[in-house]
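K.L.:
Dropping in coords34.cif, which is mmCIF, C-alpha atoms:
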```
data_query
#
loop_
_atom_site.group_PDB
_atom_site.id
_atom_site.type_symbol
_atom_site.label_atom_id
_atom_site.label_comp_id
_atom_site.auth_asym_id
_atom_site.auth_seq_id
_atom_site.Cartn_x
_atom_site.Cartn_y
_atom_site.Cartn_z
ATOM 1 C CA MET A 1 -7.097 9.057 -18.375
ATOM 2 C CA ALA A 2 -3.357 8.336 -18.386
ATOM 3 C CA LYS A 3 -2.142 5.102 -16.819
ATOM 4 C CA TYR A 4 1.166 4.617 -15.058
ATOM 5 C CA PRO A 5 3.137 1.630 -13.784
ATOM 6 C CA PHE A 6 2.249 0.878 -10.165
ATOM 7 C CA LEU A 7 4.642 2.636 -7.753
ATOM 8 C CA SER A 8 6.439 4.591 -10.474
ATOM 9 C CA ALA A 9 7.157 8.234 -9.638
ATOM 10 C CA GLU A 10 4.350 9.297 -12.012
ATOM 11 C CA TRP A 11 1.901 6.836 -10.444
ATOM 12 C CA MET A 12 2.795 8.055 -6.958
ATOM 13 C CA GLU A 13 2.270 11.687 -8.013
ATOM 14 C CA GLU A 14 -1.201 10.895 -9.405
ATOM 15 C CA ALA A 15 -2.070 8.817 -6.332
ATOM 16 C CA HIS A 16 -1.142 11.781 -4.105
ATOM 17 C CA LYS A 17 -3.484 14.009 -6.142
ATOM 18 C CA ILE A 18 -6.342 11.533 -5.682
ATOM 19 C CA ARG A 19 -5.712 11.225 -1.954
ATOM 20 C CA GLU A 20 -5.603 15.027 -1.645
ATOM 21 C CA GLU A 21 -8.939 15.267 -3.471
ATOM 22 C CA PHE A 22 -10.467 12.994 -0.802
ATOM 23 C CA HIS A 23 -8.663 14.622 2.150
ATOM 24 C CA GLY A 24 -11.014 14.815 5.116
ATOM 25 C CA LYS A 25 -13.639 12.596 3.458
ATOM 26 C CA VAL A 26 -12.081 9.246 4.360
ATOM 27 C CA SER A 27 -12.525 7.897 7.874
ATOM 28 C CA PRO A 28 -9.342 7.942 9.942
ATOM 29 C CA PRO A 29 -7.455 4.650 9.965
ATOM 30 C CA ALA A 30 -8.665 2.333 12.737
ATOM 31 C CA HIS A 31 -5.113 1.260 13.608
ATOM 32 C CA VAL A 32 -1.815 3.069 13.986
ATOM 33 C CA VAL A 33 0.907 1.457 11.914
ATOM 34 C CA ARG A 34 4.283 2.532 10.585
ATOM 35 C CA MET A 35 5.227 0.063 7.883
ATOM 36 C CA ASN A 36 8.106 -0.050 5.449
ATOM 37 C CA GLN A 37 7.594 -2.016 2.257
ATOM 38 C CA VAL A 38 10.243 -3.524 0.027
ATOM 39 C CA ILE A 39 8.799 -4.333 -3.398
ATOM 40 C CA THR A 40 10.893 -6.813 -5.400
ATOM 41 C CA ASP A 41 10.820 -7.990 -9.026
ATOM 42 C CA VAL A 42 9.820 -4.551 -10.288
ATOM 43 C CA PRO A 43 9.345 -4.695 -14.090
ATOM 44 C CA PHE A 44 10.645 -1.158 -14.717
ATOM 45 C CA SER A 45 13.622 -1.217 -12.317
ATOM 46 C CA ASP A 46 16.607 -3.407 -11.561
ATOM 47 C CA GLU A 47 16.343 -2.409 -7.896
ATOM 48 C CA PRO A 48 13.579 -3.036 -5.367
ATOM 49 C CA ILE A 49 11.254 -0.142 -4.586
ATOM 50 C CA HIS A 50 11.200 1.083 -1.001
ATOM 51 C CA ALA A 51 7.891 2.561 0.081
ATOM 52 C CA TYR A 52 6.151 3.179 3.367
ATOM 53 C CA MET A 53 2.736 3.487 4.932
ATOM 54 C CA ASP A 54 2.217 5.579 8.052
ATOM 55 C CA THR A 55 -1.089 6.130 9.852
ATOM 56 C CA SER A 56 0.377 7.545 13.078
ATOM 57 C CA ASP A 57 -0.976 11.068 12.429
ATOM 58 C CA GLY A 58 -4.560 9.848 11.895
ATOM 59 C CA GLU A 59 -4.338 9.867 8.079
ATOM 60 C CA LEU A 60 -3.026 7.296 5.635
ATOM 61 C CA GLU A 61 0.309 8.415 4.247
ATOM 62 C CA LEU A 62 1.810 6.294 1.476
ATOM 63 C CA ASP A 63 4.992 7.352 -0.254
ATOM 64 C CA LEU A 64 8.320 6.233 -1.637
ATOM 65 C CA GLY A 65 11.225 5.965 0.804
ATOM 66 C CA GLU A 66 11.582 4.480 4.263
ATOM 67 C CA LEU A 67 10.508 5.293 7.789
ATOM 68 C CA GLU A 68 12.931 5.277 10.689
ATOM 69 C CA ASN A 69 11.901 2.801 13.396
ATOM 70 C CA PRO A 70 8.927 1.200 11.594
ATOM 71 C CA ASP A 71 6.603 -1.174 13.442
ATOM 72 C CA LEU A 72 7.184 -3.712 10.705
ATOM 73 C CA THR A 73 8.730 -4.235 7.296
ATOM 74 C CA VAL A 74 6.995 -6.238 4.576
ATOM 75 C CA THR A 75 8.916 -7.607 1.608
ATOM 76 C CA VAL A 76 6.735 -8.643 -1.323
ATOM 77 C CA ASP A 77 7.014 -9.050 -5.082
ATOM 78 C CA TYR A 78 5.596 -6.399 -7.400
ATOM 79 C CA GLU A 79 2.660 -8.419 -8.798
ATOM 80 C CA THR A 80 1.474 -9.432 -5.324
ATOM 81 C CA ALA A 81 1.793 -5.870 -4.025
ATOM 82 C CA LYS A 82 -0.222 -4.620 -6.989
ATOM 83 C CA ALA A 83 -2.927 -7.249 -6.378
ATOM 84 C CA ILE A 84 -3.173 -6.275 -2.707
ATOM 85 C CA PHE A 85 -2.975 -2.480 -2.964
ATOM 86 C CA VAL A 86 -4.500 -1.700 -6.366
ATOM 87 C CA GLU A 87 -6.867 -4.593 -7.005
ATOM 88 C CA GLN A 88 -7.814 -4.768 -3.302
ATOM 89 C CA ASN A 89 -7.524 -8.566 -3.430
ATOM 90 C CA PRO A 90 -6.944 -9.867 0.120
ATOM 91 C CA GLN A 91 -6.933 -13.474 -1.116
ATOM 92 C CA ALA A 92 -3.852 -12.731 -3.240
ATOM 93 C CA GLY A 93 -2.080 -11.495 -0.137
ATOM 94 C CA MET A 94 -3.081 -14.486 1.968
ATOM 95 C CA GLN A 95 -2.082 -16.961 -0.753
ATOM 96 C CA ALA A 96 1.294 -15.236 -1.233
ATOM 97 C CA PHE A 97 1.897 -15.189 2.515
ATOM 98 C CA MET A 98 1.081 -18.895 2.843
ATOM 99 C CA ALA A 99 3.402 -19.630 -0.094
ATOM 100 C CA GLY A 100 6.251 -17.745 1.585
ATOM 101 C CA LYS A 101 6.245 -14.924 -0.989
ATOM 102 C CA ILE A 102 5.648 -12.265 1.669
ATOM 103 C CA LYS A 103 8.229 -11.757 4.390
ATOM 104 C CA VAL A 104 7.357 -9.799 7.521
ATOM 105 C CA THR A 105 9.794 -8.566 10.139
ATOM 106 C CA GLY A 106 8.636 -6.688 13.198
ATOM 107 C CA ASP A 107 5.181 -6.501 14.783
ATOM 108 C CA MET A 108 3.014 -8.778 12.673
ATOM 109 C CA THR A 109 -0.038 -8.048 14.856
ATOM 110 C CA LYS A 110 -0.131 -4.548 13.296
ATOM 111 C CA LEU A 111 -0.476 -6.112 9.848
ATOM 112 C CA MET A 112 -3.189 -8.498 11.039
ATOM 113 C CA ALA A 113 -5.141 -5.644 12.672
ATOM 114 C CA MET A 114 -5.144 -3.661 9.410
ATOM 115 C CA GLN A 115 -6.759 -6.567 7.573
ATOM 116 C CA SER A 116 -9.702 -6.662 9.988
ATOM 117 C CA GLN A 117 -10.665 -3.040 9.310
ATOM 118 C CA ALA A 118 -14.156 -2.470 7.871
ATOM 119 C CA PRO A 119 -14.190 -0.825 4.425
ATOM 120 C CA ASP A 120 -14.932 2.895 4.273
ATOM 121 C CA PRO A 121 -17.060 4.050 1.274
ATOM 122 C CA ALA A 122 -14.803 7.052 0.566
ATOM 123 C CA ALA A 123 -11.691 4.866 0.852
ATOM 124 C CA GLN A 124 -13.282 2.503 -1.671
ATOM 125 C CA GLN A 125 -13.747 5.449 -4.041
ATOM 126 C CA VAL A 126 -10.075 6.341 -3.619
ATOM 127 C CA ALA A 127 -9.165 2.720 -4.391
ATOM 128 C CA GLU A 128 -11.299 2.754 -7.562
ATOM 129 C CA ARG A 129 -9.643 5.977 -8.745
ATOM 130 C CA ILE A 130 -6.185 4.524 -8.021
ATOM 131 C CA LYS A 131 -7.124 1.473 -10.091
ATOM 132 C CA GLU A 132 -8.024 3.768 -13.010
ATOM 133 C CA ILE A 133 -4.512 5.294 -13.136
ATOM 134 C CA THR A 134 -2.671 1.964 -12.899
ATOM 135 C CA GLU A 135 -1.321 0.070 -15.902
#
```
Show this structure as structure tokens.
P.N.:
Amino acid sequence: MAKYPFLSAEWMEEAHKIREEFHGKVSPPAHVVRMNQVITDVPFSDEPIHAYMDTSDGELELDLGELENPDLTVTVDYETAKAIFVEQNPQAGMQAFMAGKIKVTGDMTKLMAMQSQAPDPAAQQVAERIKEITE
């Protein structure tokens, strides 16, 4: 299986295919959140990557770009973002936040609520597949 740099256009395309394969099998998100993400220190780009996560329609939508009027914006370095999203390592996120490596503007309670969500078996399968395509 081909591997791609996390958040590259190729990675995002493969991640969309995986999410589409599991469409309707993953439980709806427990919380509504519209979050922009600014990923810094990207190894394959001189510019930060702008991505977003939106659960307002009852499905998890993750893509490149930005939402208008997000609930919050999270700025994080590439390695920490990869540890949180790909490796599913909540400790990495907490440690980075405590060290001041994650900046949050907007409604932080939305971010906290997402972390308390119980894992869904199908979502865990999606996460494992995403891990397989990531360099």
K.L.:
Set the distance at 10 Å and use all atoms listed in the file: which residues neighbour A:Met12 once local chain neighbours fewer than 5 positions away are removed? I'd like the list as a list in words.
P.N.:
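Everything that qualifies: Tyr4, Pro5, Phe6, Leu7, Lys17, Ile18, Leu62, Asp63, Leu64, Ile130 and Ile133 of chain A.
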K.L.:
One number please: atom CA of A:Ala9 to atom CA of A:Leu72, in Å, one decimal.
P.N.:
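Separation of atom CA of A:Ala9 and atom CA of A:Leu72: 23.6 Å.
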K.L.:
Go through A:Asn69, A:Gln88, A:Ser45, A:Thr80 and flag the residue nearest A:Gln124, using all atoms listed in the file for the distances.
P.N.:
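When distances to A:Gln124 are compared using all atoms listed in the file, the smallest one comes from A:Gln88.
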K.L.:
Find, counting all atoms listed in the file, the residue in A:Val76, A:Asn36, A:Pro28, A:Ala51 that gets nearest to A:Ala99.
P.N.:
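Distance minimum relative to A:Ala99 lands on A:Val76.
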K.L.:
Could you tell me how far atom CA of A:Tyr78 sits from atom CA of A:Pro90, in Å to one decimal place?
P.N.:
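These two atoms are separated by 15.0 Å.
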K.L.:
So the first atom is atom CA of A:Met98 and the second is atom CA of A:Pro43; what is the distance between them in Å, to one decimal place?
P.N.:
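That distance, rounded to one decimal, is 23.6 Å.
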K.L.:
Taking all atoms listed in the file into account, which of A:Ile39, A:Val86, A:Gln115, A:Gln91 comes nearest A:Glu132?
P.N.:
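The closest residue to A:Glu132 is A:Val86.
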K.L.:
Which residues are close to A:Glu20, i.e. within 12 Å by all atoms listed in the file, leaving aside same-chain residues fewer than 4 positions away? Reply as a list in words.
P.N.:
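Near neighbours after the sequence-gap exclusion: Glu13, Glu14, Ala15, His16, Gly24, Lys25, Val26, Glu59, Leu60, Glu61, Leu62 and Val126 of chain A.
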K.L.:
Once the PyMOL selection byres ((chain A and resi 109) around 12) has been evaluated on this model, what residues remain selected, and can you format them as a list in words?
P.N.:
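When the PyMOL selection byres ((chain A and resi 109) around 12) is applied to the shown file, the picked residues are His31, Val32, Val33, Met35, Asp71, Leu72, Val104, Thr105, Gly106, Asp107, Met108, Lys110, Leu111, Met112, Ala113, Met114, Gln115 and Ser116 of chain A.
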K.L.:
Would you mind exporting the chosen residues as a compact mmCIF listing (two decimals), keeping the file's coordinate frame, restricted to C-alpha atoms?
P.N.:
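The result, stored in out_32.txt:
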```txt
# COMPACT_ATOMS: atom_id res chain seq x y z
CA HIS A 31 -5.11 1.26 13.61
CA VAL A 32 -1.82 3.07 13.99
CA VAL A 33 0.91 1.46 11.91
CA MET A 35 5.23 0.06 7.88
CA ASP A 71 6.60 -1.17 13.44
CA LEU A 72 7.18 -3.71 10.70
CA VAL A 104 7.36 -9.80 7.52
CA THR A 105 9.79 -8.57 10.14
CA GLY A 106 8.64 -6.69 13.20
CA ASP A 107 5.18 -6.50 14.78
CA MET A 108 3.01 -8.78 12.67
CA LYS A 110 -0.13 -4.55 13.30
CA LEU A 111 -0.48 -6.11 9.85
CA MET A 112 -3.19 -8.50 11.04
CA ALA A 113 -5.14 -5.64 12.67
CA MET A 114 -5.14 -3.66 9.41
CA GLN A 115 -6.76 -6.57 7.57
CA SER A 116 -9.70 -6.66 9.99
```
K.L.:
Select, from A:Thr40, A:Ser56, A:Thr134, A:Ser27, the residue with the minimum atom-to-atom distance to A:Phe85, counting all atoms listed in the file.
P.N.:
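Using all atoms listed in the file, A:Phe85 sits closest to A:Thr134.
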K.L.:
Between A:Ala92, A:Ala123, A:Lys131, A:Gln37, single out the one closest to A:Phe22, counting all atoms listed in the file.
P.N.:
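Smallest distance to A:Phe22 is found for A:Ala123.
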K.L.:
So that all listed atoms of stretch 89-108 of chain A fit with 6 Å spare on each side, what axis-aligned box centre and edge lengths in Å, to one decimal, would you give as AutoDock Vina command-line options?
P.N.:
```
--center_x 1.1 --center_y -13.1 --center_z 5.7 --size_x 29.3 --size_y 25.1 --size_z 30.2
```
